[in-house]
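Engineer: Pasting a structure here, questions to come.
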Amino acid sequence: MTKSFSLSTVVLLYWLLTTGCQSGSETATTGEPVTTEGESLARQYCGSCHLPVSPAMLDKATWHNQVLPAMAPKLGMEVWQKTHYYRPDNASISQADWEKLQAYYETLAPDSLTTSPAQPSSSNDWSIFTMQKPAQPAADLATTTMVSFDPTQQHVYSSNETDAGLYRWSPTLTAERLRTLPSPGVQARFIGGKGQPTCLALTCIGTMLAVDQSIGALLELDPNKSDSPSVLGQQLPRPIESTPGDFNRDGLTDWLVCGFGHNEGSLYRLQQRPDHQFDKRVIRNVAGATQVITGDFNHDGWLDFMALFAHADEGIWLFTNDQQGGFTEHNLLRFPPVYGSTSFQLVDMNRDGRLDILYTAGDNSDYSRILKPYHGVYIFLNEGHNRYKQPIFIPLNGCTKAIAADFDRDGDLDIAAISFFADLGQSSPQTFTYYEGKSALVFQPHLIPINQYGRWICMDVNDWDHDGDLDIALGNFSRGFLNSPAYHPTFDNHLPLIVLQNKTR
């Protein structure tokens, strides 16, 4: 029997989660100085860069073996054999304070994290979808980095890490290799009006490796021609998304580029000149820029934007156009660095006329590669005046992206979510979940049975077959990023992509 989870149920589960994280810890025997001094030092040395992380958010072993050895060099400490620390003269923290900080995390952390609150039982069914997949098996391992529906033709575009190819898939999902890109494409935007798009804007990441290399690019090309692409931006630090907009109202399209980077990165504006060349300008010089959504949020006639940052100081910022070529920055939401922010969407979830925030956390490829009970889908309701409250948390291990839309055309919003860092050790890993909206902020989960076909790293939603309902494309990245060395993949590691065709209409 299937069940729905409501606002009150999820709030209760979230309360149990956050208060239960202390189970297994030694808070009762540590004594007050460890807690009070540790909290003060965490605010002093960690809070200047990001939200301080509670010891309860990770287990003892992860703090001891992974996170503290990674944190120490940022304070100037030298690390020997991962667990021994030496303070050079130029360190920003004293030896005594470092030992107190270390004791704070290692003593108060639980032995293990409380598992995610159990969701109401999911239906293992296809719900409103059927699966379409390429008939011809691929020889190479699937390393898909992008899937994108053509909004005017029944095509899907994809790219991959293996050969950095740009592929176009026909309505029968037969692949045509169009060209080789300078690096894997991770996002496609279709530029043009009615009829066939005139060109594609492709964001090429440069490298999937977590390194500081500024070799990414933003290209513009005609997919039907073999001409060399136009380079709109280059020498970009691992860009993962580009968003167009006329921010100075000169009639020319500029681009905001999320240079995620690694330790270094930036959010850029590529400003178009009258000669149609672009000047690269830094808007925010920090790593982790992930996603941008544009809009006139203060209703003054000038284009603003919101941006998600997902490295160290994670959160969502509003950038208000100052009408003089710049932006005024305002933080809307902040998250601890262990969240691993992955996506957000502006959508009116409660139908009150205001855009709410659908946010996901689940990147799990850094220093704390354990299942985290706070990974999942969050809904922040817009209270006006740039204030948001969180009434809903849907736990979902390793959630990578969520898109809310009325998939079943019943008048309320549903949610499609993928999890690249799911609990792959389960018999039925929750790599794709369709949350059917039953009423305002009440959802019934459907675990669509496609986990054996791939491990989904990217997703796009559009009316692929032009029948009036929304379909879903999923891209399979089957190589690496396995957090458990004992796990042996059982999913198809050659199938590049699938389409979940919506059969509502």
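To be explicit about the labels: the chains of the structure tokens are called A, B, and onward in the order shown, and within each one the residues are counted from 1, while ligands get numbers from 1 in the order they are shown.
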Excluding same-chain residues fewer than 3 positions from region 396-409 of chain A, what lies within 9 Å of it counting only C-alpha atoms, as a CSV table (one decimal) with all heavy atoms, in the first residue's frame?

Structural biologist:
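File produced: out-v1.csv:
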```csv
chain,number,residue,atom,x,y,z
A,116,SER,N,18.6,8.4,7.6
A,116,SER,CA,17.5,9.2,7.2
A,116,SER,C,16.2,8.7,7.7
A,116,SER,O,15.9,7.5,7.8
A,116,SER,CB,17.4,9.3,5.6
A,116,SER,OG,18.6,9.8,5.1
A,128,ILE,N,3.2,7.3,-14.3
A,128,ILE,CA,2.7,7.8,-15.6
A,128,ILE,C,3.7,7.6,-16.7
A,128,ILE,O,3.5,8.2,-17.8
A,128,ILE,CB,2.3,9.3,-15.5
A,128,ILE,CG1,3.5,10.1,-15.0
A,128,ILE,CG2,1.1,9.4,-14.5
A,128,ILE,CD1,3.2,11.6,-14.9
A,340,GLY,N,26.5,19.9,0.6
A,340,GLY,CA,26.8,19.5,-0.8
A,340,GLY,C,25.6,20.0,-1.7
A,340,GLY,O,24.9,19.2,-2.3
A,341,SER,N,25.4,21.3,-1.7
A,341,SER,CA,24.3,21.9,-2.5
A,341,SER,C,24.4,21.5,-4.0
A,341,SER,O,25.5,21.5,-4.5
A,341,SER,CB,24.2,23.4,-2.4
A,341,SER,OG,24.1,23.8,-1.1
A,342,THR,N,23.3,21.2,-4.6
A,342,THR,CA,23.3,20.7,-6.0
A,342,THR,C,22.4,21.4,-7.0
A,342,THR,O,22.8,21.5,-8.2
A,342,THR,CB,23.0,19.2,-6.1
A,342,THR,OG1,21.8,18.9,-5.3
A,342,THR,CG2,24.1,18.3,-5.5
A,343,SER,N,21.3,21.9,-6.6
A,343,SER,CA,20.4,22.6,-7.5
A,343,SER,C,19.3,23.4,-6.8
A,343,SER,O,19.1,23.2,-5.6
A,343,SER,CB,19.7,21.6,-8.5
A,343,SER,OG,18.6,20.9,-7.8
A,344,PHE,N,18.7,24.3,-7.5
A,344,PHE,CA,17.5,25.0,-7.0
A,344,PHE,C,16.6,25.4,-8.1
A,344,PHE,O,17.1,25.5,-9.3
A,344,PHE,CB,17.9,26.2,-6.1
A,344,PHE,CG,18.2,27.5,-6.8
A,344,PHE,CD1,17.4,28.6,-6.7
A,344,PHE,CD2,19.4,27.6,-7.5
A,344,PHE,CE1,17.7,29.8,-7.3
A,344,PHE,CE2,19.7,28.8,-8.2
A,344,PHE,CZ,18.9,29.9,-8.0
A,345,GLN,N,15.4,25.6,-7.8
A,345,GLN,CA,14.4,26.1,-8.8
A,345,GLN,C,13.5,27.1,-8.1
A,345,GLN,O,13.1,26.9,-6.9
A,345,GLN,CB,13.6,24.8,-9.3
A,345,GLN,CG,12.5,25.1,-10.3
A,345,GLN,CD,11.6,23.9,-10.6
A,345,GLN,OE1,11.8,22.8,-10.0
A,345,GLN,NE2,10.6,24.1,-11.5
A,347,VAL,N,9.8,28.3,-8.0
A,347,VAL,CA,8.5,27.7,-8.5
A,347,VAL,C,7.5,28.0,-7.3
A,347,VAL,O,7.8,27.9,-6.1
A,347,VAL,CB,8.6,26.2,-8.8
A,347,VAL,CG1,9.1,25.4,-7.6
A,347,VAL,CG2,7.3,25.7,-9.3
A,349,MET,N,5.3,26.7,-5.1
A,349,MET,CA,4.9,25.4,-4.6
A,349,MET,C,3.5,25.4,-4.0
A,349,MET,O,2.8,24.4,-4.0
A,349,MET,CB,5.9,24.9,-3.7
A,349,MET,CG,7.3,24.6,-4.3
A,349,MET,SD,7.3,23.4,-5.6
A,349,MET,CE,6.7,21.9,-4.7
A,358,LEU,N,12.8,25.5,-4.4
A,358,LEU,CA,13.0,24.1,-4.3
A,358,LEU,C,14.5,23.9,-4.4
A,358,LEU,O,15.1,24.2,-5.4
A,358,LEU,CB,12.3,23.4,-5.5
A,358,LEU,CG,12.4,21.9,-5.5
A,358,LEU,CD1,11.5,21.3,-4.4
A,358,LEU,CD2,12.0,21.3,-6.9
A,359,TYR,N,15.1,23.3,-3.4
A,359,TYR,CA,16.5,23.2,-3.2
A,359,TYR,C,16.9,21.8,-3.0
A,359,TYR,O,16.2,21.0,-2.3
A,359,TYR,CB,17.0,24.1,-2.1
A,359,TYR,CG,18.3,23.8,-1.5
A,359,TYR,CD1,19.5,24.3,-2.1
A,359,TYR,CD2,18.4,23.1,-0.3
A,359,TYR,CE1,20.7,24.0,-1.5
A,359,TYR,CE2,19.6,22.8,0.2
A,359,TYR,CZ,20.8,23.2,-0.4
A,359,TYR,OH,22.0,22.9,0.2
A,360,THR,N,18.1,21.3,-3.5
A,360,THR,CA,18.5,20.0,-3.3
A,360,THR,C,19.9,20.0,-2.7
A,360,THR,O,20.8,20.8,-3.1
A,360,THR,CB,18.5,19.1,-4.5
A,360,THR,OG1,19.3,19.7,-5.5
A,360,THR,CG2,17.1,19.0,-5.1
A,361,ALA,N,20.2,19.0,-1.9
A,361,ALA,CA,21.6,18.8,-1.3
A,361,ALA,C,21.9,17.4,-1.5
A,361,ALA,O,21.1,16.5,-1.2
A,361,ALA,CB,21.6,19.2,0.2
A,362,GLY,N,23.2,17.1,-1.9
A,362,GLY,CA,23.5,15.7,-2.1
A,362,GLY,C,24.8,15.4,-2.7
A,362,GLY,O,25.2,14.2,-2.9
A,363,ASP,N,25.6,16.4,-3.0
A,363,ASP,CA,27.0,16.2,-3.6
A,363,ASP,C,27.8,15.5,-2.5
A,363,ASP,O,27.9,16.1,-1.4
A,363,ASP,CB,27.6,17.5,-4.0
A,363,ASP,CG,28.9,17.3,-4.7
A,363,ASP,OD1,29.4,16.2,-4.8
A,363,ASP,OD2,29.5,18.3,-5.2
A,364,ASN,N,28.3,14.4,-2.8
A,364,ASN,CA,29.0,13.6,-1.8
A,364,ASN,C,30.4,13.1,-2.2
A,364,ASN,O,30.7,11.9,-2.0
A,364,ASN,CB,28.1,12.4,-1.4
A,364,ASN,CG,28.2,12.1,0.1
A,364,ASN,OD1,28.8,12.8,0.9
A,364,ASN,ND2,27.6,11.0,0.5
A,371,LEU,N,26.8,8.4,3.8
A,371,LEU,CA,25.4,8.7,3.7
A,371,LEU,C,25.0,9.8,4.8
A,371,LEU,O,25.3,9.6,5.9
A,371,LEU,CB,24.5,7.5,3.8
A,371,LEU,CG,24.8,6.4,2.7
A,371,LEU,CD1,23.9,5.2,3.0
A,371,LEU,CD2,24.5,7.0,1.3
A,372,LYS,N,24.3,10.8,4.3
A,372,LYS,CA,24.0,11.9,5.2
A,372,LYS,C,22.5,12.1,5.3
A,372,LYS,O,21.8,12.2,4.3
A,372,LYS,CB,24.6,13.2,4.7
A,372,LYS,CG,26.2,13.1,4.6
A,372,LYS,CD,26.7,14.5,4.2
A,372,LYS,CE,28.3,14.5,4.2
A,372,LYS,NZ,28.9,13.7,3.1
A,373,PRO,N,21.9,12.0,6.5
A,373,PRO,CA,20.5,12.1,6.7
A,373,PRO,C,19.9,13.5,6.3
A,373,PRO,O,18.7,13.6,6.2
A,373,PRO,CB,20.3,11.8,8.2
A,373,PRO,CG,21.6,12.2,8.8
A,373,PRO,CD,22.6,11.9,7.8
A,374,TYR,N,20.7,14.5,6.1
A,374,TYR,CA,20.2,15.8,5.7
A,374,TYR,C,20.3,16.0,4.2
A,374,TYR,O,20.0,17.1,3.8
A,374,TYR,CB,20.9,16.9,6.5
A,374,TYR,CG,22.4,16.7,6.7
A,374,TYR,CD1,23.3,17.0,5.7
A,374,TYR,CD2,22.9,16.1,7.8
A,374,TYR,CE1,24.7,16.8,5.8
A,374,TYR,CE2,24.3,15.9,8.0
A,374,TYR,CZ,25.1,16.2,7.0
A,374,TYR,OH,26.5,16.0,7.1
A,375,HIS,N,20.7,15.0,3.5
A,375,HIS,CA,20.6,15.1,2.0
A,375,HIS,C,19.2,14.9,1.6
A,375,HIS,O,18.5,14.0,2.1
A,375,HIS,CB,21.6,14.1,1.4
A,375,HIS,CG,23.0,14.5,1.3
A,375,HIS,ND1,24.0,13.7,0.8
A,375,HIS,CD2,23.6,15.7,1.6
A,375,HIS,CE1,25.1,14.3,0.8
A,375,HIS,NE2,24.9,15.6,1.3
A,376,GLY,N,18.8,15.7,0.6
A,376,GLY,CA,17.5,15.5,0.0
A,376,GLY,C,16.9,16.7,-0.6
A,376,GLY,O,17.7,17.6,-1.1
A,377,VAL,N,15.6,16.8,-0.6
A,377,VAL,CA,14.9,17.9,-1.3
A,377,VAL,C,14.3,18.8,-0.2
A,377,VAL,O,13.6,18.3,0.7
A,377,VAL,CB,13.8,17.3,-2.2
A,377,VAL,CG1,13.0,18.5,-2.9
A,377,VAL,CG2,14.3,16.4,-3.2
A,412,ASP,N,-1.8,20.2,-9.7
A,412,ASP,CA,-0.8,20.5,-8.6
A,412,ASP,C,0.6,20.0,-9.1
A,412,ASP,O,0.7,19.4,-10.1
A,412,ASP,CB,-1.2,19.8,-7.3
A,412,ASP,CG,-1.5,18.3,-7.5
A,412,ASP,OD1,-0.8,17.7,-8.3
A,412,ASP,OD2,-2.4,17.8,-6.8
A,413,LEU,N,1.5,20.4,-8.3
A,413,LEU,CA,2.9,20.2,-8.7
A,413,LEU,C,3.4,18.9,-8.2
A,413,LEU,O,3.2,18.5,-7.1
A,413,LEU,CB,3.8,21.3,-8.2
A,413,LEU,CG,3.6,22.7,-8.8
A,413,LEU,CD1,4.5,23.8,-8.1
A,413,LEU,CD2,4.0,22.7,-10.3
A,414,ASP,N,4.2,18.2,-9.1
A,414,ASP,CA,4.9,17.0,-8.8
A,414,ASP,C,6.4,17.3,-8.8
A,414,ASP,O,6.8,18.4,-9.2
A,414,ASP,CB,4.6,15.9,-9.8
A,414,ASP,CG,3.1,15.9,-10.1
A,414,ASP,OD1,2.3,15.6,-9.2
A,414,ASP,OD2,2.7,16.1,-11.3
A,415,ILE,N,7.2,16.4,-8.3
A,415,ILE,CA,8.7,16.5,-8.3
A,415,ILE,C,9.4,15.3,-8.9
A,415,ILE,O,9.1,14.2,-8.5
A,415,ILE,CB,9.2,16.8,-6.9
A,415,ILE,CG1,8.5,18.0,-6.3
A,415,ILE,CG2,10.7,16.9,-6.9
A,415,ILE,CD1,8.9,18.2,-4.8
A,416,ALA,N,10.3,15.5,-9.8
A,416,ALA,CA,11.2,14.5,-10.3
A,416,ALA,C,12.5,14.7,-9.8
A,416,ALA,O,13.0,15.9,-9.8
A,416,ALA,CB,11.2,14.5,-11.9
A,417,ALA,N,13.2,13.7,-9.2
A,417,ALA,CA,14.4,13.9,-8.5
A,417,ALA,C,15.4,12.7,-8.9
A,417,ALA,O,15.0,11.6,-8.9
A,417,ALA,CB,14.3,14.0,-7.0
A,418,ILE,N,16.7,13.1,-9.1
A,418,ILE,CA,17.7,12.1,-9.3
A,418,ILE,C,18.7,12.2,-8.2
A,418,ILE,O,18.9,13.2,-7.6
A,418,ILE,CB,18.4,12.3,-10.7
A,418,ILE,CG1,19.0,13.7,-10.8
A,418,ILE,CG2,17.5,12.0,-11.8
A,418,ILE,CD1,19.9,13.9,-12.0
A,419,SER,N,19.4,11.0,-7.9
A,419,SER,CA,20.4,10.9,-6.9
A,419,SER,C,21.6,10.2,-7.4
A,419,SER,O,21.5,8.9,-7.5
A,419,SER,CB,19.8,10.2,-5.7
A,419,SER,OG,18.7,10.9,-5.1
A,420,PHE,N,22.6,10.9,-7.7
A,420,PHE,CA,23.9,10.3,-8.2
A,420,PHE,C,24.6,9.6,-7.1
A,420,PHE,O,25.2,8.5,-7.3
A,420,PHE,CB,24.8,11.4,-8.9
A,420,PHE,CG,26.0,10.8,-9.5
A,420,PHE,CD1,25.9,10.0,-10.7
A,420,PHE,CD2,27.2,11.1,-9.0
A,420,PHE,CE1,27.0,9.5,-11.3
A,420,PHE,CE2,28.4,10.6,-9.7
A,420,PHE,CZ,28.3,9.8,-10.8
A,421,PHE,N,24.5,10.1,-5.9
A,421,PHE,CA,25.2,9.5,-4.7
A,421,PHE,C,24.1,8.8,-3.9
A,421,PHE,O,24.1,9.0,-2.6
A,421,PHE,CB,25.9,10.6,-4.0
A,421,PHE,CG,27.1,11.1,-4.7
A,421,PHE,CD1,27.1,12.4,-5.3
A,421,PHE,CD2,28.3,10.4,-4.8
A,421,PHE,CE1,28.2,12.9,-6.0
A,421,PHE,CE2,29.4,10.9,-5.5
A,421,PHE,CZ,29.3,12.1,-6.1
A,422,ALA,N,23.3,8.1,-4.5
A,422,ALA,CA,22.3,7.3,-3.7
A,422,ALA,C,22.9,6.2,-2.9
A,422,ALA,O,24.1,5.9,-3.1
A,422,ALA,CB,21.3,6.7,-4.7
A,423,ASP,N,22.2,5.6,-2.1
A,423,ASP,CA,22.6,4.4,-1.3
A,423,ASP,C,22.6,3.2,-2.3
A,423,ASP,O,21.7,2.5,-2.4
A,423,ASP,CB,21.8,4.1,-0.1
A,423,ASP,CG,22.3,3.0,0.7
A,423,ASP,OD1,23.3,2.4,0.4
A,423,ASP,OD2,21.6,2.7,1.8
A,430,GLN,N,17.6,4.2,-4.7
A,430,GLN,CA,16.7,5.3,-5.1
A,430,GLN,C,17.4,6.3,-5.9
A,430,GLN,O,17.7,7.5,-5.5
A,430,GLN,CB,16.1,5.9,-3.8
A,430,GLN,CG,14.9,6.7,-3.9
A,430,GLN,CD,14.2,7.0,-2.6
A,430,GLN,OE1,14.7,6.6,-1.6
A,430,GLN,NE2,13.2,7.9,-2.7
A,431,THR,N,17.7,6.0,-7.2
A,431,THR,CA,18.4,6.8,-8.1
A,431,THR,C,17.5,7.8,-8.8
A,431,THR,O,18.0,8.9,-9.3
A,431,THR,CB,19.3,6.0,-9.1
A,431,THR,OG1,18.4,5.1,-9.8
A,431,THR,CG2,20.3,5.2,-8.4
A,436,GLU,N,4.6,12.3,-6.7
A,436,GLU,CA,3.4,12.7,-7.2
A,436,GLU,C,2.7,13.6,-6.2
A,436,GLU,O,2.5,13.3,-5.1
A,436,GLU,CB,2.5,11.5,-7.5
A,436,GLU,CG,1.1,11.8,-8.0
A,436,GLU,CD,0.2,10.6,-8.0
A,436,GLU,OE1,0.6,9.5,-7.7
A,436,GLU,OE2,-1.0,10.8,-8.4
A,437,GLY,N,2.4,14.8,-6.7
A,437,GLY,CA,1.7,15.8,-5.8
A,437,GLY,C,0.2,15.4,-5.6
A,437,GLY,O,-0.5,15.2,-6.6
A,456,TRP,N,22.3,8.1,-12.7
A,456,TRP,CA,21.8,9.3,-13.4
A,456,TRP,C,22.5,10.5,-12.8
A,456,TRP,O,22.4,10.8,-11.6
A,456,TRP,CB,20.3,9.4,-13.3
A,456,TRP,CG,19.6,8.1,-13.5
A,456,TRP,CD1,18.9,7.4,-12.7
A,456,TRP,CD2,19.7,7.3,-14.7
A,456,TRP,NE1,18.5,6.2,-13.2
A,456,TRP,CE2,19.0,6.1,-14.5
A,456,TRP,CE3,20.4,7.5,-16.0
A,456,TRP,CZ2,18.8,5.1,-15.5
A,456,TRP,CZ3,20.2,6.5,-16.9
A,456,TRP,CH2,19.5,5.3,-16.7
A,457,ILE,N,23.3,11.2,-13.6
A,457,ILE,CA,24.0,12.4,-13.1
A,457,ILE,C,23.4,13.7,-13.7
A,457,ILE,O,23.6,14.7,-13.1
A,457,ILE,CB,25.5,12.3,-13.6
A,457,ILE,CG1,26.3,13.3,-12.8
A,457,ILE,CG2,25.6,12.5,-15.1
A,457,ILE,CD1,27.8,13.2,-13.0
A,458,CYS,N,22.6,13.6,-14.7
A,458,CYS,CA,22.0,14.8,-15.3
A,458,CYS,C,20.5,14.5,-15.8
A,458,CYS,O,20.2,13.3,-16.1
A,458,CYS,CB,22.8,15.3,-16.5
A,458,CYS,SG,23.3,14.1,-17.7
A,459,MET,N,19.7,15.5,-15.8
A,459,MET,CA,18.3,15.3,-16.1
A,459,MET,C,17.8,16.6,-16.8
A,459,MET,O,18.2,17.7,-16.5
A,459,MET,CB,17.5,15.1,-14.8
A,459,MET,CG,16.0,15.1,-15.0
A,459,MET,SD,15.1,14.7,-13.4
A,459,MET,CE,15.6,16.0,-12.3
A,460,ASP,N,16.9,16.4,-17.8
A,460,ASP,CA,16.2,17.5,-18.4
A,460,ASP,C,14.7,17.1,-18.6
A,460,ASP,O,14.4,16.0,-18.7
A,460,ASP,CB,16.8,17.8,-19.8
A,460,ASP,CG,16.3,19.1,-20.4
A,460,ASP,OD1,16.0,20.0,-19.5
A,460,ASP,OD2,16.3,19.3,-21.6
A,461,VAL,N,13.9,18.2,-18.6
A,461,VAL,CA,12.4,18.0,-18.6
A,461,VAL,C,11.9,18.9,-19.7
A,461,VAL,O,12.2,20.1,-19.8
A,461,VAL,CB,11.8,18.3,-17.3
A,461,VAL,CG1,10.3,18.4,-17.4
A,461,VAL,CG2,12.2,17.3,-16.2
A,469,ASP,N,2.3,16.8,-22.6
A,469,ASP,CA,2.8,16.5,-21.2
A,469,ASP,C,4.3,16.5,-21.2
A,469,ASP,O,5.0,16.4,-22.3
A,469,ASP,CB,2.2,15.3,-20.6
A,469,ASP,CG,2.3,14.1,-21.5
A,469,ASP,OD1,3.4,14.0,-22.3
A,469,ASP,OD2,1.5,13.2,-21.5
A,470,LEU,N,4.9,16.5,-20.0
A,470,LEU,CA,6.3,16.7,-19.9
A,470,LEU,C,7.0,15.3,-19.7
A,470,LEU,O,6.6,14.5,-18.9
A,470,LEU,CB,6.6,17.5,-18.7
A,470,LEU,CG,6.2,19.0,-18.8
A,470,LEU,CD1,6.4,19.7,-17.4
A,470,LEU,CD2,7.0,19.7,-19.8
A,471,ASP,N,8.1,15.1,-20.5
A,471,ASP,CA,8.9,13.9,-20.5
A,471,ASP,C,10.2,14.2,-19.8
A,471,ASP,O,10.6,15.4,-19.6
A,471,ASP,CB,9.1,13.4,-21.9
A,471,ASP,CG,7.9,13.3,-22.7
A,471,ASP,OD1,7.0,12.5,-22.3
A,471,ASP,OD2,7.7,14.1,-23.7
A,502,ASN,N,6.2,10.4,-20.9
A,502,ASN,CA,5.0,10.7,-20.1
A,502,ASN,C,3.8,10.2,-20.9
A,502,ASN,O,3.6,10.7,-22.0
A,502,ASN,CB,4.9,12.2,-19.7
A,502,ASN,CG,3.9,12.5,-18.7
A,502,ASN,OD1,2.9,11.8,-18.5
A,502,ASN,ND2,4.1,13.5,-17.9
A,503,LYS,N,2.9,9.4,-20.3
A,503,LYS,CA,1.8,8.9,-21.0
A,503,LYS,C,0.5,9.4,-20.4
A,503,LYS,O,-0.6,8.8,-20.6
A,503,LYS,CB,1.8,7.3,-20.9
A,503,LYS,CG,3.1,6.7,-21.4
A,503,LYS,CD,3.4,7.1,-22.8
A,503,LYS,CE,2.4,6.5,-23.9
A,503,LYS,NZ,2.9,6.9,-25.3
A,504,THR,N,0.5,10.6,-19.8
A,504,THR,CA,-0.7,11.2,-19.3
A,504,THR,C,-1.7,11.5,-20.3
A,504,THR,O,-2.9,11.3,-20.2
A,504,THR,CB,-0.3,12.5,-18.5
A,504,THR,OG1,0.6,12.1,-17.4
A,504,THR,CG2,-1.6,13.1,-17.9
A,505,ARG,N,-1.2,12.1,-21.5
A,505,ARG,CA,-2.1,12.4,-22.6
A,505,ARG,C,-2.2,11.3,-23.6
A,505,ARG,O,-1.3,10.6,-23.9
A,505,ARG,CB,-1.5,13.7,-23.3
A,505,ARG,CG,-1.5,14.9,-22.4
A,505,ARG,CD,-2.9,15.4,-22.1
A,505,ARG,NE,-3.6,15.9,-23.3
A,505,ARG,CZ,-3.6,17.2,-23.7
A,505,ARG,NH1,-3.1,18.1,-23.0
A,505,ARG,NH2,-4.3,17.5,-24.8
```

Engineer: Return as a count of residues only the full set of residues in region 384-474 of chain A whose backbone-based DSSP assignment is strand (DSSP E).

Structural biologist: 47

Engineer: Might you pull out every residue within 6 Å of Cys199 (chain A), with only C-alpha atoms counted and same-chain residues fewer than 3 positions away left off, and present them as a list in words?

Structural biologist: Ile191, Leu221 and Asp222 of chain A

Engineer: Selected residues, N, CA and C atoms, written as a PDB file, in the first residue's frame, please.

Structural biologist:
```pdb
ATOM      1  N   ILE A 191      19.200  28.589 -28.789  1.00  0.00           N
ATOM      2  CA  ILE A 191      19.034  30.003 -29.108  1.00  0.00           C
ATOM      3  C   ILE A 191      18.274  30.105 -30.423  1.00  0.00           C
ATOM      4  N   LEU A 221      27.248  27.418 -31.546  1.00  0.00           N
ATOM      5  CA  LEU A 221      27.411  26.714 -32.819  1.00  0.00           C
ATOM      6  C   LEU A 221      26.055  26.360 -33.408  1.00  0.00           C
ATOM      7  N   ASP A 222      26.074  26.150 -34.724  1.00  0.00           N
ATOM      8  CA  ASP A 222      24.902  25.668 -35.450  1.00  0.00           C
ATOM      9  C   ASP A 222      25.025  24.153 -35.528  1.00  0.00           C
TER      10      ASP A 222
END
```

Engineer: I want to know what sits within 9 Å of Asp356 (chain A), based on only C-alpha atoms, with residues of the same chain fewer than 2 positions away left out; could you give that as a list in words?

Structural biologist: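 Result of the neighbour search: Gln345, Leu346, Val347, Asp348, Met349, Asn350, Arg354, Leu358, Ile379, Phe380, Leu381, Asn382, Glu383 and Tyr388 of chain A.
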
Engineer: Keeping C-alpha atoms for every residue in the selection just given, could you write it to a file as a PDB file, in the first residue's frame?

Structural biologist:
```
ATOM      1  CA  GLN A 345      14.376  26.056  -8.785  1.00  0.00           C
ATOM      2  CA  LEU A 346      12.053  29.021  -8.362  1.00  0.00           C
ATOM      3  CA  VAL A 347       8.482  27.750  -8.450  1.00  0.00           C
ATOM      4  CA  ASP A 348       5.228  28.602  -6.692  1.00  0.00           C
ATOM      5  CA  MET A 349       4.882  25.423  -4.637  1.00  0.00           C
ATOM      6  CA  ASN A 350       1.896  26.514  -2.518  1.00  0.00           C
ATOM      7  CA  ARG A 354       4.988  34.043  -4.867  1.00  0.00           C
ATOM      8  CA  LEU A 358      12.970  24.108  -4.344  1.00  0.00           C
ATOM      9  CA  ILE A 379      11.097  23.455   0.021  1.00  0.00           C
ATOM     10  CA  PHE A 380      11.484  27.043   1.225  1.00  0.00           C
ATOM     11  CA  LEU A 381       8.271  29.053   1.055  1.00  0.00           C
ATOM     12  CA  ASN A 382       8.455  32.725   0.121  1.00  0.00           C
ATOM     13  CA  GLU A 383       7.171  34.935   2.927  1.00  0.00           C
ATOM     14  CA  TYR A 388      11.946  32.180   3.258  1.00  0.00           C
TER      15      TYR A 388
END
```

Engineer: To one decimal in Å, tell me the separation between CA of Phe335 (chain A) and CA of Gln102 (chain A).

Structural biologist: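 Separation between CA of Phe335 (chain A) and CA of Gln102 (chain A): 22.0 Å.
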
Engineer: Region 263-272 of chain A: which residues within 10 Å, counting only C-alpha atoms, same-chain residues fewer than 3 positions away excluded, as a ChimeraX atom specification?

Structural biologist: /A:210-214,218,232-233,236-239,242-248,250-260,275-292,307,309,311-312,325-326

Engineer: Of the residues A:His50, A:Arg177, A:His494, A:His466, which is the one nearest to Pro337 (chain A), using only C-alpha atoms?

Structural biologist: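 Smallest distance to Pro337 (chain A) is found for A:His50.
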
Engineer: State, in Å with one decimal place, the distance from CA of Gly261 (chain A) to CA of Thr145 (chain A).

Structural biologist: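 For CA of Gly261 (chain A) relative to CA of Thr145 (chain A), the distance reads 16.4 Å.
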
Engineer: Excluding Cys204 (chain A) and its own-chain neighbours fewer than 3 positions away, which residues fall within 9 Å of it when counting only C-alpha atoms? Please give them as a PyMOL selection string.

Structural biologist: chain A and resi 164+181-187+207+215-219+238-241

Engineer: Let me make sure I understand: among A:Pro223, A:Pro137, A:Pro151, A:Pro429, which one has the smallest atom-to-atom distance to Arg168 (chain A) if we use only C-alpha atoms?

Structural biologist: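 Among the listed residues, A:Pro223 lies closest to Arg168 (chain A).
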
Engineer: Please determine, counting only C-alpha atoms, which residue among A:Gly475, A:Leu75, A:Asn483, A:Lys60 has the shortest atom-to-atom distance to Tyr157 (chain A).

Structural biologist: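 Of all the options, A:Gly475 lies closest to Tyr157 (chain A).
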
Engineer: Could you check which of A:Val67, A:Pro274, A:Ser94, A:Gln154 is closest to Gln501 (chain A), using only C-alpha atoms?

Structural biologist: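 Residue with the minimum atom-to-atom distance to Gln501 (chain A): A:Gln154.
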
Engineer: Do you know which residues are at most 12 Å from Ala103 (chain A) counting only C-alpha atoms, after dropping those on the same chain fewer than 3 positions away, and could you put them as a VMD selection string?

Structural biologist: chain A and resid 26 to 27 30 to 31 33 to 39 41 to 42 55 60 63 to 64 68 96 to 100 106 to 109
